[in-house]
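Asks: So here's coords.cif, just mmCIF, C-alpha atoms:
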data_input
#
loop_
_atom_site.label_atom_id
_atom_site.label_comp_id
_atom_site.auth_asym_id
_atom_site.auth_seq_id
_atom_site.Cartn_x
_atom_site.Cartn_y
_atom_site.Cartn_z
CA MET A 62 30.54 93.17 71.50
CA SER A 63 29.05 89.92 72.66
CA ASP A 64 26.62 87.38 71.31
CA PRO A 65 24.08 85.86 73.73
CA SER A 66 23.43 82.97 71.36
CA ASP A 67 26.99 81.68 71.70
CA GLU A 68 26.99 77.94 72.39
CA ALA A 69 30.66 76.92 72.15
CA PRO A 70 32.04 74.75 74.97
CA LEU A 71 33.87 77.70 76.48
CA GLY A 72 33.16 81.26 75.45
CA PRO A 73 34.50 84.72 76.21
CA GLY A 74 35.35 85.23 79.82
CA GLY A 75 35.30 81.49 80.46
CA MET A 76 31.50 81.35 80.63
CA PRO A 77 30.01 77.86 80.24
CA GLY A 78 28.40 77.00 76.96
CA GLY A 79 30.18 79.86 75.23
CA SER A 80 27.83 82.42 76.72
CA ALA A 81 28.96 86.01 76.83
CA PRO A 82 29.28 87.67 80.22
CA GLY A 83 25.80 88.36 81.56
CA GLU A 84 24.17 85.77 79.26
CA SER A 85 22.87 82.34 80.17
CA PRO A 86 23.88 79.32 78.12
CA ARG A 87 21.40 77.42 75.98
CA ARG A 88 19.20 75.09 77.98
CA PRO A 89 19.84 71.36 78.04
CA ASP A 90 17.35 68.92 76.58
CA THR A 91 15.82 68.24 79.98
CA ALA A 92 15.01 71.87 80.81
CA SER A 93 11.76 73.63 80.12
CA THR A 94 11.72 76.81 78.08
CA SER A 95 9.67 79.98 77.82
CA GLY A 96 7.06 79.63 75.10
CA THR A 97 4.00 81.51 73.87
CA PHE A 98 1.34 79.90 71.68
CA VAL A 99 -1.45 82.13 70.32
CA LEU A 100 -4.08 81.01 67.80
CA TYR A 101 -5.98 83.71 65.89
CA THR A 102 -9.35 82.81 64.37
CA ASP A 103 -11.88 84.95 62.46
CA GLY A 104 -9.38 87.79 62.48
CA GLU A 105 -10.29 88.92 66.01
CA ASP A 106 -10.44 86.03 68.49
CA SER A 107 -7.18 84.80 69.97
CA THR A 108 -6.61 81.72 72.10
CA HIS A 109 -3.52 81.33 74.29
CA LEU A 110 -2.37 77.73 74.42
CA SER A 111 0.17 75.91 76.59
CA THR A 112 2.11 73.32 74.62
CA ILE A 113 3.30 72.59 71.11
CA THR A 114 0.93 69.64 70.77
CA GLU A 115 -2.05 71.64 71.99
CA ALA A 116 -1.24 74.48 69.61
CA ALA A 117 -0.83 72.19 66.60
CA ASP A 118 -4.08 70.34 67.35
CA ALA A 119 -5.95 73.62 67.82
CA LEU A 120 -4.69 74.94 64.47
CA ALA A 121 -5.73 71.72 62.71
CA ALA A 122 -9.21 71.88 64.26
CA ALA A 123 -9.77 75.60 63.63
CA PRO A 124 -12.60 76.37 61.17
CA ALA A 125 -11.46 77.62 57.78
CA ASN A 126 -12.34 81.18 56.84
CA PRO A 127 -11.21 82.44 53.40
CA ASP A 128 -11.33 86.08 54.51
CA ALA A 129 -9.52 85.51 57.82
CA PRO A 130 -7.81 82.10 57.86
CA PRO A 131 -6.72 80.72 61.26
CA PHE A 132 -3.18 81.71 62.12
CA LEU A 133 -0.89 80.36 64.84
CA TRP A 134 1.89 82.44 66.42
CA ILE A 135 4.52 80.45 68.32
CA ASP A 136 7.37 82.12 70.18
CA MET A 137 9.99 80.07 72.03
CA LEU A 138 13.04 81.29 73.93
CA ARG A 139 16.01 78.93 73.53
CA PRO A 140 13.97 75.75 73.00
CA THR A 141 15.56 72.39 73.72
CA ASP A 142 16.49 69.93 71.00
CA ALA A 143 13.47 67.82 71.93
CA GLU A 144 11.12 70.78 71.58
CA LEU A 145 12.61 71.68 68.20
CA ALA A 146 12.18 68.09 67.10
CA GLU A 147 8.52 68.22 68.13
CA LEU A 148 8.03 71.47 66.22
CA ALA A 149 9.61 69.91 63.14
CA ALA A 150 7.36 66.86 63.36
CA ARG A 151 4.11 68.75 63.92
CA PHE A 152 4.70 71.56 61.39
CA ASP A 153 6.76 69.70 58.77
CA LEU A 154 9.88 71.86 59.17
CA HIS A 155 12.86 71.09 56.98
CA PRO A 156 15.73 69.29 58.81
CA LEU A 157 18.35 71.75 57.54
CA ALA A 158 16.39 74.71 58.90
CA VAL A 159 15.91 72.95 62.23
CA GLU A 160 19.62 72.19 62.34
CA ASP A 161 20.40 75.88 61.87
CA ALA A 162 18.02 76.75 64.71
CA VAL A 163 19.73 74.22 66.98
CA GLU A 164 23.29 75.31 66.25
CA ALA A 165 22.59 79.06 65.98
CA HIS A 166 25.53 81.31 64.98
CA GLN A 167 23.92 81.92 61.58
CA ARG A 168 24.25 85.02 59.44
CA PRO A 169 21.00 86.78 58.43
CA LYS A 170 19.44 84.89 55.52
CA TYR A 171 16.17 83.93 53.87
CA GLU A 172 15.59 80.45 52.46
CA ARG A 173 12.57 78.55 51.21
CA TYR A 174 12.00 74.87 51.99
CA GLY A 175 8.93 73.66 50.15
CA SER A 176 5.91 75.48 51.61
CA THR A 177 7.87 76.80 54.59
CA ASP A 178 10.15 79.82 54.60
CA PHE A 179 13.08 80.10 56.99
CA MET A 180 14.71 83.37 58.06
CA VAL A 181 17.53 84.34 60.39
CA LEU A 182 17.72 87.85 61.85
CA ARG A 183 20.26 89.39 64.26
CA PRO A 184 18.58 91.87 66.64
CA ALA A 185 20.76 94.20 68.68
CA ALA A 186 20.34 95.66 72.16
CA PRO A 187 22.44 97.69 74.60
CA ARG A 188 23.89 96.42 77.83
CA PRO A 189 21.89 97.27 81.02
CA GLY A 190 21.98 100.87 82.10
CA ARG A 191 23.43 101.96 78.75
CA ARG A 192 20.31 102.69 76.71
CA PRO A 193 20.28 106.20 75.16
CA ALA A 194 17.36 108.50 75.82
CA HIS A 195 16.25 108.40 72.17
CA SER A 196 15.99 104.60 72.01
CA PRO A 197 12.68 103.38 70.53
CA VAL A 198 12.93 100.01 72.27
CA ASN A 199 10.09 100.71 74.68
CA ARG A 200 7.94 102.87 72.41
CA PHE A 201 5.23 100.17 72.48
CA ALA A 202 4.90 100.20 76.25
CA GLU A 203 4.79 103.99 76.31
CA ALA A 204 1.96 104.28 73.77
CA PRO A 205 -1.63 104.86 74.94
CA ALA A 206 -3.99 101.94 75.39
CA VAL A 207 -6.05 100.89 72.41
CA ASP A 208 -9.65 101.99 72.22
CA SER A 209 -12.25 99.27 72.60
CA GLY A 210 -14.05 100.40 69.47
CA PRO A 211 -13.53 99.00 65.98
CA ALA A 212 -10.08 99.40 64.52
CA GLU A 213 -9.66 101.91 61.73
CA PRO A 214 -7.41 101.34 58.73
CA ARG A 215 -4.07 103.10 58.95
CA SER A 216 -1.74 104.40 56.31
CA SER A 217 1.44 102.61 55.36
CA ALA A 218 3.42 105.28 57.22
CA ALA A 219 1.72 104.20 60.46
CA LEU A 220 2.12 100.46 60.01
CA THR A 221 4.46 100.14 62.95
CA THR A 222 2.67 102.49 65.35
CA ALA A 223 1.70 100.62 68.51
CA HIS A 224 -1.51 101.15 70.46
CA ALA A 225 -1.04 98.67 73.23
CA ALA A 226 -1.57 98.99 76.95
CA PRO A 227 1.60 98.54 79.03
CA ARG A 228 2.31 94.89 79.69
CA ALA A 229 3.22 93.50 83.07
CA PRO A 230 7.01 93.35 83.34
CA HIS A 231 7.03 90.12 85.36
CA THR A 232 7.13 87.72 82.44
CA PRO A 233 9.46 84.72 81.99
CA GLU A 234 11.29 86.69 79.30
CA ALA A 235 11.72 89.66 81.61
CA ALA A 236 12.96 87.44 84.42
CA GLU A 237 15.50 85.78 82.15
CA ALA A 238 16.55 89.15 80.73
CA ASP A 239 17.20 90.37 84.26
CA ALA A 240 19.14 87.21 85.06
CA ALA A 241 21.14 87.56 81.86
CA GLY A 242 22.03 91.16 82.63
CA LEU A 243 20.10 92.75 79.76
CA ASP A 244 18.20 96.00 80.18
CA ARG A 245 14.41 96.04 79.65
CA THR A 246 13.67 99.21 81.61
CA ALA A 247 12.64 102.56 80.23
CA PRO A 248 15.26 104.65 78.45
CA GLU A 249 16.45 107.99 79.90
CA GLU A 250 19.77 106.47 80.94
CA ALA A 251 23.42 106.75 80.05
CA GLU A 252 25.10 106.30 76.71
CA ILE A 253 25.62 102.82 75.30
CA THR A 254 29.09 101.42 75.87
CA GLU A 255 28.52 97.89 74.60
CA VAL A 256 26.17 96.30 72.09
CA VAL A 257 24.71 92.82 72.45
CA ILE A 258 23.87 90.96 69.22
CA GLY A 259 21.19 88.28 69.48
CA GLU A 260 19.68 85.84 67.01
CA LEU A 261 16.15 85.05 65.79
CA HIS A 262 15.16 82.01 63.72
CA ILE A 263 11.78 82.33 62.01
CA PHE A 264 9.79 79.53 60.39
CA LEU A 265 7.00 80.87 58.19
CA GLY A 266 4.14 78.74 56.91
CA THR A 267 0.84 79.57 55.25
CA ASP A 268 -0.99 79.51 58.59
CA PHE A 269 1.72 79.81 61.24
CA ILE A 270 4.86 81.61 62.29
CA ILE A 271 7.39 80.07 64.67
CA VAL A 272 9.94 82.40 66.25
CA VAL A 273 12.92 80.75 67.95
CA ARG A 274 14.76 83.35 69.99
CA HIS A 275 18.31 83.00 71.27
CA THR A 276 18.16 86.31 73.12
CA PRO A 277 15.72 87.52 75.82
CA ALA A 278 16.41 91.17 74.96
CA PHE A 279 14.11 91.22 71.91
CA ASP A 280 10.60 92.26 73.04
CA ILE A 281 8.50 89.86 70.97
CA ASP A 282 5.36 90.59 73.03
CA ALA A 283 5.35 94.22 71.89
CA VAL A 284 5.76 93.11 68.26
CA ARG A 285 2.84 90.72 68.55
CA THR A 286 0.72 93.52 70.03
CA VAL A 287 1.32 95.65 66.95
CA PHE A 288 0.37 92.68 64.77
CA GLU A 289 -2.88 92.21 66.70
CA ASP A 290 -3.81 95.87 66.45
CA ASP A 291 -3.87 96.00 62.65
CA PRO A 292 -6.48 93.68 61.06
CA ARG A 293 -5.91 94.79 57.46
CA PHE A 294 -3.76 91.84 56.35
CA LEU A 295 -5.74 88.89 57.69
CA ASP A 296 -5.42 86.98 54.42
CA HIS A 297 -1.61 87.37 54.56
CA ALA A 298 -1.14 87.08 58.31
CA GLN A 299 2.19 85.26 58.05
CA PHE A 300 3.78 88.08 56.02
CA SER A 301 2.21 90.72 58.26
CA ALA A 302 3.78 89.02 61.30
CA LEU A 303 7.11 88.72 59.52
CA TYR A 304 7.01 92.38 58.56
CA ARG A 305 6.37 93.46 62.17
CA ILE A 306 9.37 91.46 63.39
CA MET A 307 11.69 92.72 60.65
CA ASP A 308 10.62 96.32 61.19
CA ARG A 309 11.30 96.08 64.92
CA VAL A 310 14.72 94.46 64.41
CA VAL A 311 15.76 97.17 61.93
CA ASP A 312 14.35 100.00 64.06
CA ASP A 313 16.37 98.81 67.05
CA TYR A 314 19.59 99.34 65.07
CA ASP A 315 18.99 103.09 64.94
CA PRO A 316 19.67 104.02 68.61
CA LEU A 317 22.75 101.83 68.60
CA LEU A 318 24.07 103.57 65.47
CA ILE A 319 23.35 106.94 67.04
CA SER A 320 25.29 105.92 70.13
CA LEU A 321 28.25 104.65 68.07
CA GLU A 322 28.23 107.89 66.04
CA ASP A 323 28.15 109.97 69.23
CA ARG A 324 31.06 108.01 70.66
CA ALA A 325 33.03 108.42 67.43
CA ASP A 326 32.33 112.18 67.49
CA GLY A 327 33.50 112.27 71.10
CA LEU A 328 36.74 110.54 70.16
CA GLU A 329 37.23 113.01 67.32
CA GLU A 330 36.67 116.01 69.60
CA GLN A 331 39.04 114.56 72.17
CA LEU A 332 41.60 113.86 69.47
CA PHE A 333 41.69 117.46 68.26
CA GLY A 334 41.15 118.90 71.73
CA THR A 335 43.45 117.25 74.23
CA GLY A 336 45.60 115.31 71.80
CA PRO A 337 46.16 111.59 71.11
CA ILE A 338 43.77 109.05 72.65
CA PRO A 339 44.41 105.41 73.64
CA SER A 340 44.23 103.28 70.49
CA GLN A 341 42.27 100.63 72.43
CA GLN A 342 39.25 102.97 72.53
CA VAL A 343 39.18 103.24 68.74
CA TYR A 344 39.69 99.50 68.38
CA ARG A 345 36.86 98.59 70.77
CA LEU A 346 34.48 100.92 68.95
CA SER A 347 35.56 99.43 65.63
CA ARG A 348 34.89 95.90 66.91
CA GLU A 349 31.37 96.84 68.00
CA LEU A 350 30.75 98.44 64.61
CA ILE A 351 31.97 95.31 62.83
CA GLU A 352 29.61 93.11 64.85
CA LEU A 353 26.69 95.41 64.07
CA GLU A 354 27.66 95.43 60.41
CA ARG A 355 27.56 91.63 60.35
CA ALA A 356 23.94 91.85 61.46
CA VAL A 357 22.93 94.63 59.04
CA SER A 358 24.84 94.11 55.79
CA PRO A 359 23.20 90.76 54.80
CA LEU A 360 19.72 92.29 55.15
CA SER A 361 19.72 94.02 51.74
CA PRO A 362 19.61 90.79 49.67
CA LEU A 363 17.31 89.30 52.31
CA MET A 364 14.81 92.14 51.83
CA SER A 365 14.92 91.64 48.06
CA ALA A 366 14.09 87.95 48.51
CA VAL A 367 11.17 88.76 50.82
CA SER A 368 9.80 91.34 48.36
CA THR A 369 9.94 88.76 45.59
CA VAL A 370 7.97 86.28 47.71
CA LEU A 371 5.36 88.94 48.50
CA GLU A 372 4.93 89.65 44.81
CA GLN A 373 4.37 85.95 44.14
CA HIS A 374 1.67 85.87 46.82
CA THR A 375 0.07 89.15 45.58
CA ALA A 376 0.38 90.79 48.99
CA PRO A 377 -1.59 94.00 49.69
CA PRO A 378 0.10 97.21 48.46
CA ASP A 379 0.31 98.67 51.97
CA LEU A 380 2.19 95.63 53.21
CA ALA A 381 4.57 95.77 50.25
CA ARG A 382 5.14 99.49 50.87
CA GLY A 383 5.86 98.77 54.53
CA LEU A 384 8.52 96.23 53.57
CA ARG A 385 10.05 98.70 51.12
CA ASP A 386 10.22 101.19 53.98
CA VAL A 387 12.10 98.60 56.05
CA ALA A 388 14.44 98.06 53.09
CA ASP A 389 15.07 101.83 52.97
CA HIS A 390 15.97 101.79 56.66
CA VAL A 391 18.35 98.90 56.04
CA HIS A 392 19.98 100.83 53.21
CA SER A 393 20.29 103.91 55.44
CA ALA A 394 21.81 101.87 58.27
CA THR A 395 24.31 100.31 55.84
CA GLU A 396 25.37 103.76 54.62
CA ARG A 397 25.74 105.05 58.18
CA ILE A 398 27.87 102.06 59.11
CA GLU A 399 30.11 102.68 56.11
CA ARG A 400 30.47 106.38 56.98
CA LEU A 401 31.22 105.50 60.58
CA ARG A 402 33.78 102.92 59.48
CA GLN A 403 35.51 105.58 57.34
CA LEU A 404 35.44 108.05 60.23
CA LEU A 405 36.99 105.52 62.62
CA ARG A 406 39.64 104.69 60.03
CA GLU A 407 40.51 108.39 59.75
CA ILE A 408 40.48 108.81 63.53
CA PHE A 409 42.85 105.88 63.89
CA THR A 410 45.16 107.30 61.19
CA VAL A 411 45.19 110.81 62.67
CA ASN A 412 45.64 109.41 66.17
CA SER A 413 48.62 107.34 65.00
CA THR A 414 50.08 110.41 63.31
CA LEU A 415 49.66 112.52 66.45
CA ILE A 416 51.23 109.79 68.57
CA SER A 417 54.16 109.62 66.14
CA GLU A 418 54.53 113.41 66.20
CA ARG A 419 54.48 113.40 69.99
CA GLN A 420 57.06 110.61 70.06
CA ASN A 421 59.23 112.53 67.60
CA GLU A 422 58.92 115.65 69.74
CA ASP A 423 59.92 113.66 72.81
CA MET A 424 62.88 112.20 70.93
CA ARG A 425 63.91 115.69 69.78
CA ARG A 426 63.81 116.96 73.35
CA MET A 427 65.80 113.96 74.55
CA ASN A 428 68.38 114.60 71.83
CA GLU A 429 68.62 118.26 72.80
CA LEU A 430 69.05 117.26 76.44
CA SER A 431 71.73 114.75 75.47
CA ILE A 432 73.55 117.39 73.42
CA THR A 433 73.41 119.82 76.36
CA GLN A 434 74.75 117.15 78.67
CA ASN A 435 77.58 116.42 76.25
CA GLU A 436 78.51 120.11 76.16
CA HIS A 437 78.69 120.18 79.94
CA MET A 438 80.73 117.00 80.02
CA LYS A 439 83.24 118.45 77.54
CA LYS A 440 83.69 121.57 79.65
CA ILE A 441 84.08 119.54 82.82
CA SER A 442 86.60 117.25 81.11
CA ALA A 443 88.56 120.22 79.71
CA TRP A 444 88.87 121.93 83.11
CA ALA A 445 89.76 118.63 84.69
CA GLY A 446 92.58 118.22 82.13
CA ILE A 447 93.79 121.77 82.78
CA LEU A 448 93.84 121.26 86.54
CA PHE A 449 95.52 117.89 86.14
CA PHE A 450 98.82 119.43 84.89
CA PRO A 451 99.56 121.54 88.02
CA SER A 452 98.73 118.51 90.13
CA LEU A 453 101.20 116.47 88.10
CA VAL A 454 104.02 119.00 88.56
CA ALA A 455 103.27 119.42 92.27
CA GLY A 456 103.21 115.68 92.68
CA VAL A 457 106.64 115.35 91.06
CA TYR A 458 108.13 118.01 93.31
CA GLY A 459 106.50 116.49 96.35
CA MET A 460 108.29 113.16 96.06
CA ASN A 461 110.99 114.32 98.56
CA PHE A 462 113.89 112.34 97.09
CA GLN A 463 117.28 113.35 98.45
CA HIS A 464 118.87 113.83 95.05
CA MET A 465 116.50 115.82 92.84
CA PRO A 466 117.35 118.54 90.31
CA GLU A 467 116.56 122.08 91.30
CA LEU A 468 116.00 121.17 94.97
CA HIS A 469 118.73 123.54 96.10
CA TRP A 470 118.28 125.90 93.22
CA LEU A 471 117.28 129.42 94.22
CA MET A 472 114.88 129.75 91.25
CA GLY A 473 113.40 126.26 91.69
CA TYR A 474 110.12 127.39 93.27
CA PRO A 475 109.35 130.14 90.73
CA PHE A 476 110.38 127.74 87.99
CA SER A 477 107.85 125.10 89.10
CA LEU A 478 105.09 127.69 89.28
CA ALA A 479 106.00 128.93 85.82
CA ILE A 480 105.79 125.38 84.46
CA MET A 481 102.30 124.96 86.01
CA VAL A 482 101.00 128.21 84.53
CA ALA A 483 102.52 127.50 81.13
CA GLY A 484 101.05 124.00 81.04
CA CYS A 485 97.60 125.26 82.04
CA ALA A 486 97.77 127.94 79.34
CA ILE A 487 98.77 125.41 76.70
CA PHE A 488 95.92 123.05 77.64
CA TYR A 489 93.46 125.97 77.69
CA VAL A 490 94.42 126.99 74.17
CA ILE A 491 94.12 123.40 72.93
CA PHE A 492 90.65 122.86 74.45
CA LYS A 493 89.53 126.25 73.20
CA ARG A 494 90.50 125.38 69.64
CA VAL A 495 88.58 122.09 69.72
CA ASP A 496 85.54 123.96 71.13
CA TRP A 497 85.51 122.23 74.47
CA LEU A 498 85.58 125.57 76.29
#
If you took the structure in this file and wrote it as structure tokens, what would it be?
Replies:
Amino acid sequence: MSDPSDEAPLGPGGMPGGSAPGESPRRPDTASTSGTFVLYTDGEDSTHLSTITEAADALAAAPANPDAPPFLWIDMLRPTDAELAELAARFDLHPLAVEDAVEAHQRPKYERYGSTDFMVLRPAAPRPGRRPAHSPVNRFAEAPAVDSGPAEPRSSAALTTAHAAPRAPHTPEAAEADAAGLDRTAPEEAEITEVVIGELHIFLGTDFIIVVRHTPAFDIDAVRTVFEDDPRFLDHAQFSALYRIMDRVVDDYDPLLISLEDRADGLEEQLFGTGPIPSQQVYRLSRELIELERAVSPLSPLMSAVSTVLEQHTAPPDLARGLRDVADHVHSATERIERLRQLLREIFTVNSTLISERQNEDMRRMNELSITQNEHMKKISAWAGILFFPSLVAGVYGMNFQHMPELHWLMGYPFSLAIMVAGCAIFYVIFKRVDWL
């Protein structure tokens, strides 16, 4: 599991700026960054602007409309410190929130600074070429183009349904995603083997939303398209935009959880099919699950805080229901992560038990082999001892000394043979009694 927002001096794999393999480090103050500035007026018209100053001036000069107040959407990919300072000055952002956006590495949270809300979310995406076929990441681009006629109200169940024409893939975000090694192509590919956790910092005002992205993998253009296609919440545009982003972040967890569950099931089948598996596989899957859990588990209290704020602003019922649906998805994802954690714990335990059993079986076989070898050695030693006695007698009689007893004795030769046979018989009986033969 890797984090593209990593900014430490030296990160995993020795990448500069703490970037994970395949990710680019955060830009220095002198570099330009990818940014989108869209001003919505009268609920329908949208103006695409170029700079922070131009966007702020256009918002200040926009005519007020109680039914559809002007609303500014700003999206910036890894802005520089100077750009963040300009955003803070023009939109009165709290220094602590700006500091969090600069440093990154924040856990998901929701905080309120005066009239501006600040939120941190951790979107997740698969590595390139690893997206499962059931991933909803590109469901926006695959939807039919929107009709040019007037938009019709939709039910709360269809709040996140996109009706946008496919966007051109040659955007700065797409180019950086390709350079960073992140997949933005259609699904229909192989199973996920690694999950990339990104980071979003969201500043929410009464008439603007500022999204600071530390990952190019999150398709913010598709989210903004869904926001533009539903004009029902014009008087609460900031919460409508926030809801679209949160819903997309939470929805993107689902294919990753499905992939992790499939991989855990595969490990379980392998465990009870072919036997023990390398413990590193279980550990790597556990690490990816832990990283995903760090992104999901803080969302439950975050959703409660957002619901409270919506109640204070008397948000439309459909919008509140949509956020409750997101909260339900968060709760479901948390339960699935807990079940998967328990399954991996059991897999690790069973795998360790099977490895121990196999080691014990190997030790038993080695002991049996050692015992068999000892039996053979005892027999060889016993026969060697038996054959040693005749050699001893023959050696004595073969010394050829001139004065030796029984040299001129007629019965000397039969006597020596009798001694050899008797000695061998005695040794045989001894070895037989001690069970060496």
Asks: Write out as a PyMOL selection string each polymer residue whose atoms come within 8 Å of Val454 (chain A), counting only C-alpha atoms; drop sequence neighbours fewer than 4 positions from it.
Replies: chain A and resi 450+458+477+480-481
Asks: Starting from the PyMOL selection byres ((chain A and resi 153) around 12), expand the selection into actual residues of this file and give them as number ranges by chain.
Replies: A: 117, 145-152, 154-159, 174-178, 264-266, 269, 271
Asks: Figure out the distance between CA of Met424 (chain A) and CA of Val495 (chain A), please, to one decimal in Å.
Replies: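 Between these atoms lies a distance of 27.6 Å.
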Asks: Just checking: using only C-alpha atoms, which residue out of A:Asp280, A:Glu144, A:Asp103, A:Glu418 ends up closest to Val310 (chain A)?
Replies: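 Distance minimum relative to Val310 (chain A) lands on A:Asp280.
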Asks: Can you work out the spacing between CA of Asn126 (chain A) and CA of Thr102 (chain A) in Å, to one decimal?
Replies: 8.3 Å
Asks: Could you check which of A:His374, A:Leu404, A:Pro140, A:Arg168 is closest to Asp326 (chain A), using only C-alpha atoms?
Replies: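 Closest candidate: A:Leu404.
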Asks: Tell me which of A:Glu260, A:Asp496, A:Asp386, A:Asp161 sits closest to Arg355 (chain A), counting all atoms listed in the file.
Replies: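 Nearest candidate to Arg355 (chain A) out of A:Glu260, A:Asp496, A:Asp386, A:Asp161: A:Glu260.
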Asks: Given 4 Å on each side, where is the centre and what are the edge lengths in Å to one decimal of the axis-aligned box enclosing the listed atoms of region 99-103 of chain A, as AutoDock Vina command-line options?
Replies:
--center_x -6.7 --center_y 83.0 --center_z 66.4 --size_x 18.4 --size_y 11.9 --size_z 15.9
Asks: Give me the result of the PyMOL selection byres ((chain A and resi 390) around 10) on this file, residue by residue, as a ChimeraX atom specification.
Replies: /A:308,311-312,314-315,361,384-389,391-396
Asks: Would you mind telling me which residue in A:Pro184, A:Pro377, A:Pro131, A:Pro362 lies nearest to Thr276 (chain A) when using all atoms listed in the file?
Replies: A:Pro184
Asks: Residues within 10 Å of His262 (chain A), please, as a compact mmCIF listing (two decimals) with C-alpha atoms, in the frame of the given file. Count only C-alpha atoms; anything in the same chain fewer than 4 positions from it doesn't count.
Replies:
# COMPACT_ATOMS: atom_id res chain seq x y z
CA MET A 137 9.99 80.07 72.03
CA ALA A 158 16.39 74.71 58.90
CA VAL A 159 15.91 72.95 62.23
CA ASP A 161 20.40 75.88 61.87
CA ALA A 162 18.02 76.75 64.71
CA VAL A 163 19.73 74.22 66.98
CA ALA A 165 22.59 79.06 65.98
CA GLN A 167 23.92 81.92 61.58
CA PRO A 169 21.00 86.78 58.43
CA LYS A 170 19.44 84.89 55.52
CA PHE A 179 13.08 80.10 56.99
CA MET A 180 14.71 83.37 58.06
CA VAL A 181 17.53 84.34 60.39
CA LEU A 182 17.72 87.85 61.85
CA ARG A 183 20.26 89.39 64.26
CA ILE A 271 7.39 80.07 64.67
CA VAL A 272 9.94 82.40 66.25
CA VAL A 273 12.92 80.75 67.95
CA ARG A 274 14.76 83.35 69.99
CA HIS A 275 18.31 83.00 71.27
